[in-house]
file query_28.pdb (PDB, C-alpha atoms)
ATOM      1  CA  MET B   1      -0.690 -21.232  30.884
ATOM      2  CA  ILE B   2      -4.237 -20.089  31.727
ATOM      3  CA  MET B   3      -2.879 -17.538  34.212
ATOM      4  CA  ALA B   4      -0.490 -16.144  31.610
ATOM      5  CA  LEU B   5      -3.351 -15.826  29.123
ATOM      6  CA  ILE B   6      -5.512 -14.038  31.721
ATOM      7  CA  ALA B   7      -2.610 -11.691  32.501
ATOM      8  CA  VAL B   8      -2.217 -10.805  28.824
ATOM      9  CA  VAL B   9      -5.959 -10.110  28.444
ATOM     10  CA  VAL B  10      -5.995  -7.936  31.588
ATOM     11  CA  PHE B  11      -2.961  -6.005  30.341
ATOM     12  CA  VAL B  12      -4.626  -5.320  26.977
ATOM     13  CA  LEU B  13      -7.875  -4.187  28.640
ATOM     14  CA  VAL B  14      -6.073  -1.891  31.102
ATOM     15  CA  THR B  15      -3.970  -0.381  28.320
ATOM     16  CA  ALA B  16      -7.072   0.260  26.200
ATOM     17  CA  GLY B  17      -8.811   1.856  29.186
ATOM     18  CA  VAL B  18      -5.852   4.146  29.873
ATOM     19  CA  PHE B  19      -5.779   5.263  26.229
ATOM     20  CA  ALA B  20      -9.534   5.894  26.279
ATOM     21  CA  VAL B  21      -9.394   8.001  29.460
ATOM     22  CA  ALA B  22      -6.353   9.916  28.218
ATOM     23  CA  SER B  23      -8.046  10.601  24.903
ATOM     24  CA  LEU B  24     -11.137  11.989  26.658
ATOM     25  CA  PHE B  25      -9.028  14.440  28.643
ATOM     26  CA  ASP B  26      -6.887  15.278  25.625
ATOM     27  CA  GLU B  27      -9.681  15.716  23.067
ATOM     28  CA  ARG B  28     -10.640  19.246  24.121
ATOM     29  CA  ARG B  29      -7.026  20.336  24.241
ATOM     30  CA  SER B  30      -6.431  18.753  20.837
ATOM     31  CA  HIS B  31      -9.363  20.647  19.278
ATOM     32  CA  ALA B  32      -8.098  23.898  20.774
ATOM     33  CA  ARG B  33      -4.605  23.288  19.431
ATOM     34  CA  LEU B  34      -5.998  22.445  15.986
ATOM     35  CA  LEU B  35      -8.040  25.676  15.992
ATOM     36  CA  ARG B  36      -4.968  27.717  16.931
ATOM     37  CA  GLU B  37      -2.935  26.087  14.153
ATOM     38  CA  ARG B  38      -5.632  26.829  11.564
ATOM     39  CA  LEU B  39      -5.879  30.460  12.688
ATOM     40  CA  ALA B  40      -2.097  30.775  12.526
ATOM     41  CA  THR B  41      -2.134  29.268   9.042
ATOM     42  CA  VAL B  42      -4.769  31.725   7.842
ATOM     43  CA  GLN B  43      -2.862  34.640   9.344
ATOM     44  CA  ALA B  44       0.404  33.462   7.795
ATOM     45  CA  ALA B  45      -1.306  33.038   4.425
ATOM     46  CA  SER B  46      -2.474  36.652   4.483
ATOM     47  CA  GLU B  47       1.087  37.802   5.222
ATOM     48  CA  ARG B  48       2.717  35.831   2.405
ATOM     49  CA  GLN B  49       4.306  37.603  -0.505
ATOM     50  CA  PRO B  50       2.672  36.941  -3.896
ATOM     51  CA  SER B  51       5.794  35.115  -5.086
ATOM     52  CA  GLU B  52       5.653  32.497  -2.334
ATOM     53  CA  GLU B  53       4.154  29.086  -3.105
ATOM     54  CA  LEU B  54       0.865  28.039  -1.592
ATOM     55  CA  LEU B  55       0.698  24.698   0.185
ATOM     56  CA  LEU B  56      -2.259  22.425   0.696
ATOM     57  CA  LEU B  57      -3.111  21.152   4.162
ATOM     58  CA  ARG B  58      -3.126  17.373   4.319
ATOM     59  CA  ASP B  59      -4.749  14.984   6.718
ATOM     60  CA  GLU B  60      -1.789  13.378   8.494
ATOM     61  CA  LEU B  61      -3.768  11.696  11.255
ATOM     62  CA  MET B  62      -2.559   8.201  12.037
ATOM     63  CA  SER B  63      -5.349   7.521  14.531
ATOM     64  CA  ASP B  64      -8.573   9.109  15.716
ATOM     65  CA  ILE B  65      -7.270   8.949  19.314
ATOM     66  CA  PRO B  66      -5.095  12.053  19.868
ATOM     67  CA  VAL B  67      -2.667  10.403  22.323
ATOM     68  CA  PHE B  68      -2.177   7.360  20.102
ATOM     69  CA  ASN B  69      -1.865   9.643  17.069
ATOM     70  CA  ARG B  70       1.008  11.601  18.636
ATOM     71  CA  LEU B  71       2.810   8.379  19.550
ATOM     72  CA  LEU B  72       2.499   7.033  16.011
ATOM     73  CA  GLN B  73       3.631  10.290  14.412
ATOM     74  CA  GLN B  74       6.938   9.959  16.238
ATOM     75  CA  TRP B  75       7.566   6.653  14.412
ATOM     76  CA  PRO B  76       8.715   7.337  10.819
ATOM     77  CA  ARG B  77       7.614   3.887   9.609
ATOM     78  CA  MET B  78       3.972   4.767  10.329
ATOM     79  CA  THR B  79       4.017   7.412   7.591
ATOM     80  CA  LYS B  80       5.202   4.772   5.128
ATOM     81  CA  LEU B  81       2.507   2.377   6.384
ATOM     82  CA  GLN B  82      -0.199   5.032   5.942
ATOM     83  CA  GLN B  83       1.020   5.684   2.408
ATOM     84  CA  THR B  84       0.923   1.946   1.641
ATOM     85  CA  LEU B  85      -2.667   1.736   2.916
ATOM     86  CA  SER B  86      -3.644   4.673   0.709
ATOM     87  CA  GLN B  87      -1.964   3.092  -2.317
ATOM     88  CA  ALA B  88      -3.872  -0.146  -1.650
ATOM     89  CA  ASP B  89      -7.143   1.836  -1.316
ATOM     90  CA  VAL B  90      -7.687   0.415   2.184
ATOM     91  CA  LYS B  91      -9.894   2.814   4.146
ATOM     92  CA  LEU B  92      -8.065   2.438   7.440
ATOM     93  CA  LYS B  93      -5.826   4.645   9.511
ATOM     94  CA  ALA B  94      -2.367   3.317  10.295
ATOM     95  CA  GLY B  95      -3.212   3.104  14.001
ATOM     96  CA  LYS B  96      -6.323   0.991  13.445
ATOM     97  CA  PHE B  97      -4.474  -1.259  11.016
ATOM     98  CA  LEU B  98      -1.686  -1.732  13.552
ATOM     99  CA  LEU B  99      -4.255  -2.630  16.213
ATOM    100  CA  LEU B 100      -5.914  -5.169  13.898
ATOM    101  CA  THR B 101      -2.525  -6.695  13.141
ATOM    102  CA  VAL B 102      -1.720  -7.110  16.835
ATOM    103  CA  CYS B 103      -5.158  -8.641  17.456
ATOM    104  CA  ALA B 104      -4.703 -11.098  14.561
ATOM    105  CA  CYS B 105      -1.276 -12.074  15.881
ATOM    106  CA  ALA B 106      -2.512 -12.644  19.446
ATOM    107  CA  THR B 107      -5.696 -14.460  18.377
ATOM    108  CA  SER B 108      -3.954 -16.880  16.010
ATOM    109  CA  GLY B 109      -1.244 -17.638  18.548
ATOM    110  CA  VAL B 110      -3.676 -18.271  21.428
ATOM    111  CA  VAL B 111      -6.041 -20.412  19.321
ATOM    112  CA  VAL B 112      -3.219 -22.637  18.017
ATOM    113  CA  LEU B 113      -1.753 -22.889  21.514
ATOM    114  CA  LEU B 114      -5.077 -24.063  22.943
ATOM    115  CA  LEU B 115      -5.636 -26.555  20.109
ATOM    116  CA  SER B 116      -2.132 -28.041  19.838
ATOM    117  CA  ASN B 117      -0.591 -27.245  23.234
ATOM    118  CA  SER B 118       2.660 -26.508  21.398
ATOM    119  CA  LYS B 119       4.519 -23.250  21.949
ATOM    120  CA  LEU B 120       6.410 -23.742  18.687
ATOM    121  CA  PHE B 121       3.210 -24.036  16.655
ATOM    122  CA  ALA B 122       1.755 -21.084  18.564
ATOM    123  CA  GLY B 123       4.795 -18.957  17.712
ATOM    124  CA  VAL B 124       4.570 -19.872  14.027
ATOM    125  CA  ALA B 125       0.834 -19.117  14.006
ATOM    126  CA  ALA B 126       1.391 -15.788  15.752
ATOM    127  CA  ALA B 127       4.041 -14.822  13.198
ATOM    128  CA  PHE B 128       1.698 -15.874  10.400
ATOM    129  CA  GLY B 129      -1.130 -13.808  11.901
ATOM    130  CA  LEU B 130       1.231 -10.853  12.205
ATOM    131  CA  PHE B 131       2.159 -10.877   8.513
ATOM    132  CA  VAL B 132      -1.192 -11.855   6.954
ATOM    133  CA  PRO B 133      -2.783  -8.341   7.188
ATOM    134  CA  TYR B 134       0.263  -6.730   5.596
ATOM    135  CA  MET B 135       0.342  -9.440   2.915
ATOM    136  CA  TYR B 136      -3.299  -8.662   2.139
ATOM    137  CA  VAL B 137      -2.551  -4.938   1.869
ATOM    138  CA  SER B 138       0.470  -5.666  -0.329
ATOM    139  CA  PHE B 139      -1.689  -7.857  -2.590
ATOM    140  CA  ARG B 140      -4.360  -5.144  -2.867
ATOM    141  CA  ARG B 141      -1.649  -2.590  -3.630
ATOM    142  CA  SER B 142      -0.073  -4.686  -6.396
ATOM    143  CA  GLN B 143      -3.501  -5.427  -7.904
ATOM    144  CA  ARG B 144      -4.384  -1.736  -7.917
ATOM    145  CA  PHE B 145      -1.046  -0.853  -9.523
ATOM    146  CA  SER B 146      -1.558  -3.524 -12.186
ATOM    147  CA  LYS B 147      -5.015  -2.204 -13.024
ATOM    148  CA  PHE B 148      -3.666   1.348 -13.141
ATOM    149  CA  GLU B 149      -0.885   0.312 -15.536
ATOM    150  CA  GLU B 150      -3.426  -1.437 -17.751
ATOM    151  CA  LEU B 151      -5.672   1.640 -18.038
ATOM    152  CA  PHE B 152      -2.951   4.300 -18.053
ATOM    153  CA  PRO B 153      -2.160   4.254 -21.825
ATOM    154  CA  GLU B 154      -5.855   4.718 -22.601
ATOM    155  CA  ALA B 155      -5.957   7.634 -20.150
ATOM    156  CA  ILE B 156      -2.980   9.281 -21.848
ATOM    157  CA  ASP B 157      -4.645   8.851 -25.256
ATOM    158  CA  THR B 158      -7.822  10.475 -23.911
ATOM    159  CA  LEU B 159      -5.782  13.338 -22.456
ATOM    160  CA  ALA B 160      -3.977  13.825 -25.775
ATOM    161  CA  ARG B 161      -7.276  13.911 -27.708
ATOM    162  CA  ALA B 162      -8.708  16.460 -25.276
ATOM    163  CA  VAL B 163      -5.643  18.708 -25.613
ATOM    164  CA  ARG B 164      -5.714  18.340 -29.415
ATOM    165  CA  ALA B 165      -9.411  19.338 -29.389
ATOM    166  CA  GLY B 166      -8.486  22.677 -27.812
ATOM    167  CA  HIS B 167      -9.114  22.054 -24.101
ATOM    168  CA  ALA B 168      -6.742  23.547 -21.567
ATOM    169  CA  PHE B 169      -4.630  21.041 -19.674
ATOM    170  CA  PRO B 170      -6.513  21.474 -16.331
ATOM    171  CA  THR B 171      -9.830  21.080 -18.166
ATOM    172  CA  ALA B 172      -8.515  17.945 -19.859
ATOM    173  CA  LEU B 173      -7.546  16.582 -16.411
ATOM    174  CA  GLU B 174     -11.074  17.215 -15.123
ATOM    175  CA  LEU B 175     -12.547  15.479 -18.186
ATOM    176  CA  LEU B 176     -10.227  12.529 -17.659
ATOM    177  CA  ALA B 177     -11.171  12.305 -13.967
ATOM    178  CA  THR B 178     -14.867  12.031 -14.833
ATOM    179  CA  GLU B 179     -14.548   9.715 -17.836
ATOM    180  CA  MET B 180     -12.036   7.121 -16.636
ATOM    181  CA  GLY B 181     -12.778   4.449 -14.065
ATOM    182  CA  GLU B 182     -10.891   3.661 -10.898
ATOM    183  CA  PRO B 183      -8.078   3.782 -10.033
ATOM    184  CA  VAL B 184      -6.979   6.020 -12.918
ATOM    185  CA  GLY B 185      -9.920   8.409 -12.591
ATOM    186  CA  GLY B 186      -9.386   8.818  -8.851
ATOM    187  CA  GLU B 187      -5.696   9.630  -9.182
ATOM    188  CA  PHE B 188      -6.284  12.191 -11.931
ATOM    189  CA  ARG B 189      -9.086  13.659  -9.843
ATOM    190  CA  LYS B 190      -6.629  14.205  -6.995
ATOM    191  CA  LEU B 191      -4.179  15.743  -9.468
ATOM    192  CA  PHE B 192      -6.848  18.105 -10.787
ATOM    193  CA  GLU B 193      -8.065  19.103  -7.323
ATOM    194  CA  GLU B 194      -4.557  19.788  -6.013
ATOM    195  CA  GLN B 195      -3.672  22.155  -8.829
ATOM    196  CA  LYS B 196      -7.188  23.653  -8.695
ATOM    197  CA  PHE B 197      -6.770  24.616  -5.033
ATOM    198  CA  GLY B 198      -3.502  26.402  -5.625
ATOM    199  CA  LEU B 199      -0.731  23.817  -5.655
ATOM    200  CA  PRO B 200       1.682  24.323  -8.578
ATOM    201  CA  LEU B 201       1.246  21.782 -11.332
ATOM    202  CA  ARG B 202       4.822  20.569 -10.881
ATOM    203  CA  ASP B 203       4.205  19.740  -7.219
ATOM    204  CA  ALA B 204       0.860  18.121  -8.031
ATOM    205  CA  LEU B 205       2.532  15.884 -10.627
ATOM    206  CA  LEU B 206       5.258  14.943  -8.150
ATOM    207  CA  ASN B 207       2.586  14.076  -5.592
ATOM    208  CA  MET B 208       0.885  11.827  -8.135
ATOM    209  CA  ALA B 209       4.201  10.102  -8.875
ATOM    210  CA  GLU B 210       4.660   9.603  -5.134
ATOM    211  CA  ARG B 211       1.168   8.144  -4.670
ATOM    212  CA  MET B 212       1.639   5.823  -7.663
ATOM    213  CA  PRO B 213       5.341   4.855  -7.747
ATOM    214  CA  ILE B 214       5.130   3.385 -11.239
ATOM    215  CA  VAL B 215       7.651   3.996 -14.012
ATOM    216  CA  ASP B 216       4.930   5.084 -16.466
ATOM    217  CA  VAL B 217       3.624   7.749 -14.064
ATOM    218  CA  LYS B 218       7.139   9.099 -13.600
ATOM    219  CA  PHE B 219       7.514   9.282 -17.391
ATOM    220  CA  PHE B 220       4.208  11.142 -17.618
ATOM    221  CA  ALA B 221       5.104  13.633 -14.878
ATOM    222  CA  THR B 222       8.537  14.280 -16.387
ATOM    223  CA  ALA B 223       7.130  14.762 -19.899
ATOM    224  CA  VAL B 224       4.469  17.239 -18.770
ATOM    225  CA  MET B 225       6.918  19.210 -16.623
ATOM    226  CA  LEU B 226       9.435  19.431 -19.468
ATOM    227  CA  GLN B 227       6.724  20.570 -21.872
ATOM    228  CA  ARG B 228       5.657  23.262 -19.394
ATOM    229  CA  GLU B 229       9.236  24.523 -19.061
ATOM    230  CA  THR B 230      10.495  24.231 -22.633
ATOM    231  CA  GLY B 231       7.314  24.287 -24.713
ATOM    232  CA  GLY B 232       6.256  22.009 -27.539
ATOM    233  CA  ASN B 233       3.198  20.141 -28.734
ATOM    234  CA  LEU B 234       1.776  18.411 -25.662
ATOM    235  CA  ALA B 235      -0.541  16.178 -27.700
ATOM    236  CA  GLU B 236       2.377  14.752 -29.710
ATOM    237  CA  ILE B 237       4.396  14.217 -26.536
ATOM    238  CA  LEU B 238       1.520  12.304 -24.937
ATOM    239  CA  ASP B 239       1.032  10.214 -28.089
ATOM    240  CA  GLY B 240       4.706   9.250 -28.026
ATOM    241  CA  LEU B 241       4.525   8.426 -24.331
ATOM    242  CA  SER B 242       1.491   6.202 -24.903
ATOM    243  CA  TYR B 243       3.353   4.364 -27.664
ATOM    244  CA  VAL B 244       6.397   3.802 -25.410
ATOM    245  CA  ILE B 245       4.210   2.441 -22.601
ATOM    246  CA  ARG B 246       2.429   0.014 -24.911
ATOM    247  CA  GLU B 247       5.761  -1.210 -26.308
ATOM    248  CA  ARG B 248       7.010  -1.742 -22.771
ATOM    249  CA  PHE B 249       3.938  -3.851 -22.054
ATOM    250  CA  LYS B 250       4.743  -6.034 -25.092
ATOM    251  CA  ILE B 251       8.231  -6.664 -23.713
ATOM    252  CA  LEU B 252       6.763  -7.368 -20.277
ATOM    253  CA  ARG B 253       4.428 -10.008 -21.724
ATOM    254  CA  GLN B 254       7.365 -11.640 -23.477
ATOM    255  CA  VAL B 255       9.252 -11.724 -20.170
ATOM    256  CA  ARG B 256       6.263 -13.397 -18.513
ATOM    257  CA  VAL B 257       6.353 -16.087 -21.215
ATOM    258  CA  TYR B 258      10.062 -16.668 -20.635
ATOM    259  CA  THR B 259       9.606 -16.894 -16.837
ATOM    260  CA  ALA B 260       6.545 -19.183 -16.988
ATOM    261  CA  GLN B 261       8.689 -22.224 -16.161
ATOM    262  CA  GLY B 262      10.043 -20.508 -13.067
ATOM    263  CA  ARG B 263       6.546 -19.622 -11.867
ATOM    264  CA  LEU B 264       5.370 -23.196 -12.443
ATOM    265  CA  THR B 265       8.380 -24.497 -10.504
ATOM    266  CA  MET B 266       7.544 -22.173  -7.644
ATOM    267  CA  LEU B 267       3.940 -23.395  -7.524
ATOM    268  CA  LEU B 268       5.010 -27.049  -7.584
ATOM    269  CA  LEU B 269       7.611 -26.599  -4.859
ATOM    270  CA  MET B 270       5.120 -24.765  -2.643
ATOM    271  CA  ALA B 271       2.248 -27.223  -3.172
ATOM    272  CA  LEU B 272       4.150 -30.521  -3.145
ATOM    273  CA  PRO B 273       5.056 -30.822   0.590
ATOM    274  CA  PRO B 274       1.527 -30.164   1.974
ATOM    275  CA  ILE B 275       0.004 -32.485  -0.623
ATOM    276  CA  ILE B 276       2.416 -35.268   0.343
ATOM    277  CA  VAL B 277       1.663 -34.751   4.044
ATOM    278  CA  VAL B 278      -2.102 -34.942   3.461
ATOM    279  CA  VAL B 279      -1.844 -38.022   1.239
ATOM    280  CA  MET B 280       0.432 -39.856   3.680
ATOM    281  CA  ALA B 281      -1.810 -38.915   6.626
ATOM    282  CA  VAL B 282      -4.804 -40.419   4.811
ATOM    283  CA  MET B 283      -3.059 -43.544   3.542
ATOM    284  CA  ASN B 284      -0.938 -44.321   6.627
ATOM    285  CA  PRO B 285      -1.966 -42.246   9.675
ATOM    286  CA  GLY B 286       0.393 -44.073  12.047
ATOM    287  CA  PHE B 287       3.397 -43.161   9.931
ATOM    288  CA  MET B 288       2.612 -39.408  10.115
ATOM    289  CA  THR B 289       1.466 -39.290  13.751
ATOM    290  CA  PRO B 290       4.940 -38.629  15.274
ATOM    291  CA  LEU B 291       5.297 -35.598  13.044
ATOM    292  CA  PHE B 292       2.396 -33.929  14.876
ATOM    293  CA  THR B 293       2.853 -35.380  18.371
ATOM    294  CA  ASP B 294       6.619 -35.510  18.929
ATOM    295  CA  PRO B 295       8.480 -32.234  19.729
ATOM    296  CA  ILE B 296      11.104 -33.118  17.109
ATOM    297  CA  GLY B 297       8.282 -33.357  14.555
ATOM    298  CA  HIS B 298       7.088 -29.902  15.577
ATOM    299  CA  ALA B 299      10.592 -28.517  15.024
ATOM    300  CA  LEU B 300      10.776 -30.195  11.613
ATOM    301  CA  ILE B 301       7.420 -28.702  10.579
ATOM    302  CA  ALA B 302       8.521 -25.224  11.662
ATOM    303  CA  ALA B 303      11.835 -25.624   9.820
ATOM    304  CA  GLY B 304       9.992 -26.834   6.721
ATOM    305  CA  ILE B 305       7.683 -23.807   6.764
ATOM    306  CA  VAL B 306      10.630 -21.428   7.144
ATOM    307  CA  LEU B 307      12.582 -23.083   4.319
ATOM    308  CA  GLN B 308       9.508 -23.111   2.077
ATOM    309  CA  THR B 309       9.027 -19.390   2.680
ATOM    310  CA  ILE B 310      12.693 -18.645   1.932
ATOM    311  CA  GLY B 311      12.528 -20.703  -1.264
ATOM    312  CA  TYR B 312       9.351 -18.908  -2.363
ATOM    313  CA  LEU B 313      10.931 -15.488  -1.811
ATOM    314  CA  LEU B 314      14.124 -16.448  -3.670
ATOM    315  CA  ILE B 315      12.303 -17.865  -6.696
ATOM    316  CA  ARG B 316       9.940 -14.892  -6.744
ATOM    317  CA  LYS B 317      12.907 -12.516  -6.752
ATOM    318  CA  ILE B 318      14.547 -14.429  -9.620
ATOM    319  CA  ILE B 319      11.483 -14.464 -11.889
ATOM    320  CA  ARG B 320      10.522 -10.820 -11.268
ATOM    321  CA  ILE B 321      12.353  -8.932 -14.014
ATOM    322  CA  GLN B 322      11.889  -5.191 -14.180
ATOM    323  CA  VAL B 323      11.101  -3.820 -17.629
TER     324      VAL B 323
END

call {"tool": "encode", "arguments": {"input": "query_28.pdb", "output": "structure tokens"}}
result
Amino acid sequence: MIMALIAVVVFVLVTAGVFAVASLFDERRSHARLLRERLATVQAASERQPSEELLLLRDELMSDIPVFNRLLQQWPRMTKLQQTLSQADVKLKAGKFLLLTVCACATSGVVVLLLSNSKLFAGVAAAFGLFVPYMYVSFRRSQRFSKFEELFPEAIDTLARAVRAGHAFPTALELLATEMGEPVGGEFRKLFEEQKFGLPLRDALLNMAERMPIVDVKFFATAVMLQRETGGNLAEILDGLSYVIRERFKILRQVRVYTAQGRLTMLLLMALPPIIVVVMAVMNPGFMTPLFTDPIGHALIAAGIVLQTIGYLLIRKIIRIQV
């Protein structure tokens, strides 16, 4: 077991060394290639016809190491992971997050293996360490979306008042970006900057709807694009949209009241088994000892954890009603 652990550590160190050496040799070539691409972009921009759309250059780096970055860019899931990190406002590249996830998985597995000397427990701990970072990012993402949804009607009201006061729509976006707090202010700031630097407003709105995949944002983008194409009073459209969003929130709160029993059931089912195990271990340690020492007990614990997780996911899916 010790030899296998040493072999794994040596493999990780050698792999990291190879990537470091390759990145040193590749860095100069990468800078030269980036310079050639920028020059080609500038030259192509000067040759465009006036009717062609202008595109903004985006930072698509998955890692600061060029070799690792090229490997990750060939994996389509990494683009989705980078977008999820951006939506959660986690200041990490996808490559660094992937490395931290692998380290958490290996560390938790090795520590549990050394403490319990059980491969089954080590496998469960490694799986838990593998999913914990993504669960944290998912939690941050959902919290940020919830805060955005809470502040979004107020932002639309502010935008409508600015348009009604005579401000142009881009100026109203800039005012909204400076007046509103995060995350609403940051998203409208990106929207304002994209259209300011030449991206058509339609594409900038679609980018905002992609960054914040929320129904209210899609309503907002659709309403503004329709007003731009067909005309109409933008202030009245925004007032109506704000009213619809607030009414949807009322229905959502009613749904949360109706599903409160399901959420309470989920909490009880998740908390009851560990509480019983702790109480029984304190009151009668000899009765619970085989559960932690016998291999059959290890298998039962692993099966219990898996079944608890499946039950949690099923109940969570049942009580989550889209409005």

call {"tool": "residues_near_point", "arguments": {"input": "query_28.pdb", "point": "(5.3, -1.7, -21.7)", "cutoff": "10 Å", "atoms": "all atoms listed in the file", "output": "PyMOL selection string"}}
result
chain B and resi 149-150+153+215-216+242-253+323

call {"tool": "residues_around", "arguments": {"input": "query_28.pdb", "residues": "segment 98-111 of chain B", "least_positions_apart": "6", "cutoff": "7 Å", "atoms": "only C-alpha atoms", "output": "list in words"}}
result
Ala122, Gly123, Ala125, Ala126, Ala127, Gly129, Leu130 and Pro133 of chain B

call {"tool": "residues_around", "arguments": {"input": "query_28.pdb", "residues": "Ser142 of chain B", "least_positions_apart": "5", "cutoff": "12 Å", "atoms": "only C-alpha atoms", "output": "list in words"}}
result
Thr84, Leu85, Gln87, Ala88, Asp89, Met135, Tyr136, Val137, Lys147, Phe148, Glu149, Met212, Pro213 and Ile214 of chain B

call {"tool": "write_last_selection", "arguments": {"input": "query_28.pdb", "atoms": "C-alpha atoms", "output": "mmCIF file, keeping the file's coordinate frame"}}
result
data_model
loop_
_atom_site.group_PDB
_atom_site.id
_atom_site.type_symbol
_atom_site.label_atom_id
_atom_site.label_comp_id
_atom_site.auth_asym_id
_atom_site.auth_seq_id
_atom_site.Cartn_x
_atom_site.Cartn_y
_atom_site.Cartn_z
ATOM 1 C CA THR B 84 0.923 1.946 1.641
ATOM 2 C CA LEU B 85 -2.667 1.736 2.916
ATOM 3 C CA GLN B 87 -1.964 3.092 -2.317
ATOM 4 C CA ALA B 88 -3.872 -0.146 -1.650
ATOM 5 C CA ASP B 89 -7.143 1.836 -1.316
ATOM 6 C CA MET B 135 0.342 -9.440 2.915
ATOM 7 C CA TYR B 136 -3.299 -8.662 2.139
ATOM 8 C CA VAL B 137 -2.551 -4.938 1.869
ATOM 9 C CA LYS B 147 -5.015 -2.204 -13.024
ATOM 10 C CA PHE B 148 -3.666 1.348 -13.141
ATOM 11 C CA GLU B 149 -0.885 0.312 -15.536
ATOM 12 C CA MET B 212 1.639 5.823 -7.663
ATOM 13 C CA PRO B 213 5.341 4.855 -7.747
ATOM 14 C CA ILE B 214 5.130 3.385 -11.239
#

call {"tool": "residues_around", "arguments": {"input": "query_28.pdb", "residues": "segment 302-319 of chain B", "least_positions_apart": "2", "cutoff": "7 Å", "atoms": "only C-alpha atoms", "output": "PDB file with C-alpha atoms, keeping the file's coordinate frame"}}
result
ATOM      1  CA  THR B 259       9.606 -16.894 -16.837  1.00  0.00           C
ATOM      2  CA  GLY B 262      10.043 -20.508 -13.067  1.00  0.00           C
ATOM      3  CA  MET B 266       7.544 -22.173  -7.644  1.00  0.00           C
ATOM      4  CA  MET B 270       5.120 -24.765  -2.643  1.00  0.00           C
ATOM      5  CA  HIS B 298       7.088 -29.902  15.577  1.00  0.00           C
ATOM      6  CA  ALA B 299      10.592 -28.517  15.024  1.00  0.00           C
ATOM      7  CA  LEU B 300      10.776 -30.195  11.613  1.00  0.00           C
ATOM      8  CA  ILE B 321      12.353  -8.932 -14.014  1.00  0.00           C
TER       9      ILE B 321
END

call {"tool": "axis_aligned_box", "arguments": {"input": "query_28.pdb", "around": "segment 134-140 of chain B", "padding_each_side": "4 Å", "output": "AutoDock Vina command-line options"}}
result
--center_x -1.9 --center_y -7.2 --center_z 1.4 --size_x 12.8 --size_y 12.5 --size_z 16.5

call {"tool": "atom_distance", "arguments": {"input": "query_28.pdb", "atom1": "atom CA of Asp203 of chain B", "atom2": "atom CA of Gly231 of chain B"}}
result
18.3 Å

call {"tool": "residues_around", "arguments": {"input": "query_28.pdb", "residues": "Thr289 of chain B", "least_positions_apart": "6", "cutoff": "12 Å", "atoms": "all atoms listed in the file", "output": "ChimeraX atom specification"}}
result
/B:277-278,280-283,295-298

call {"tool": "residues_around", "arguments": {"input": "query_28.pdb", "residues": "Gln227 of chain B", "least_positions_apart": "4", "cutoff": "12 Å", "atoms": "all atoms listed in the file", "output": "compact mmCIF listing (two decimals) with C-alpha atoms, in the frame of the given file"}}
result
# COMPACT_ATOMS: atom_id res chain seq x y z
CA PHE B 169 -4.63 21.04 -19.67
CA LEU B 201 1.25 21.78 -11.33
CA ARG B 202 4.82 20.57 -10.88
CA PHE B 220 4.21 11.14 -17.62
CA ALA B 221 5.10 13.63 -14.88
CA THR B 222 8.54 14.28 -16.39
CA ALA B 223 7.13 14.76 -19.90
CA GLY B 231 7.31 24.29 -24.71
CA GLY B 232 6.26 22.01 -27.54
CA ASN B 233 3.20 20.14 -28.73
CA LEU B 234 1.78 18.41 -25.66
CA ALA B 235 -0.54 16.18 -27.70
CA GLU B 236 2.38 14.75 -29.71
CA ILE B 237 4.40 14.22 -26.54
CA LEU B 238 1.52 12.30 -24.94
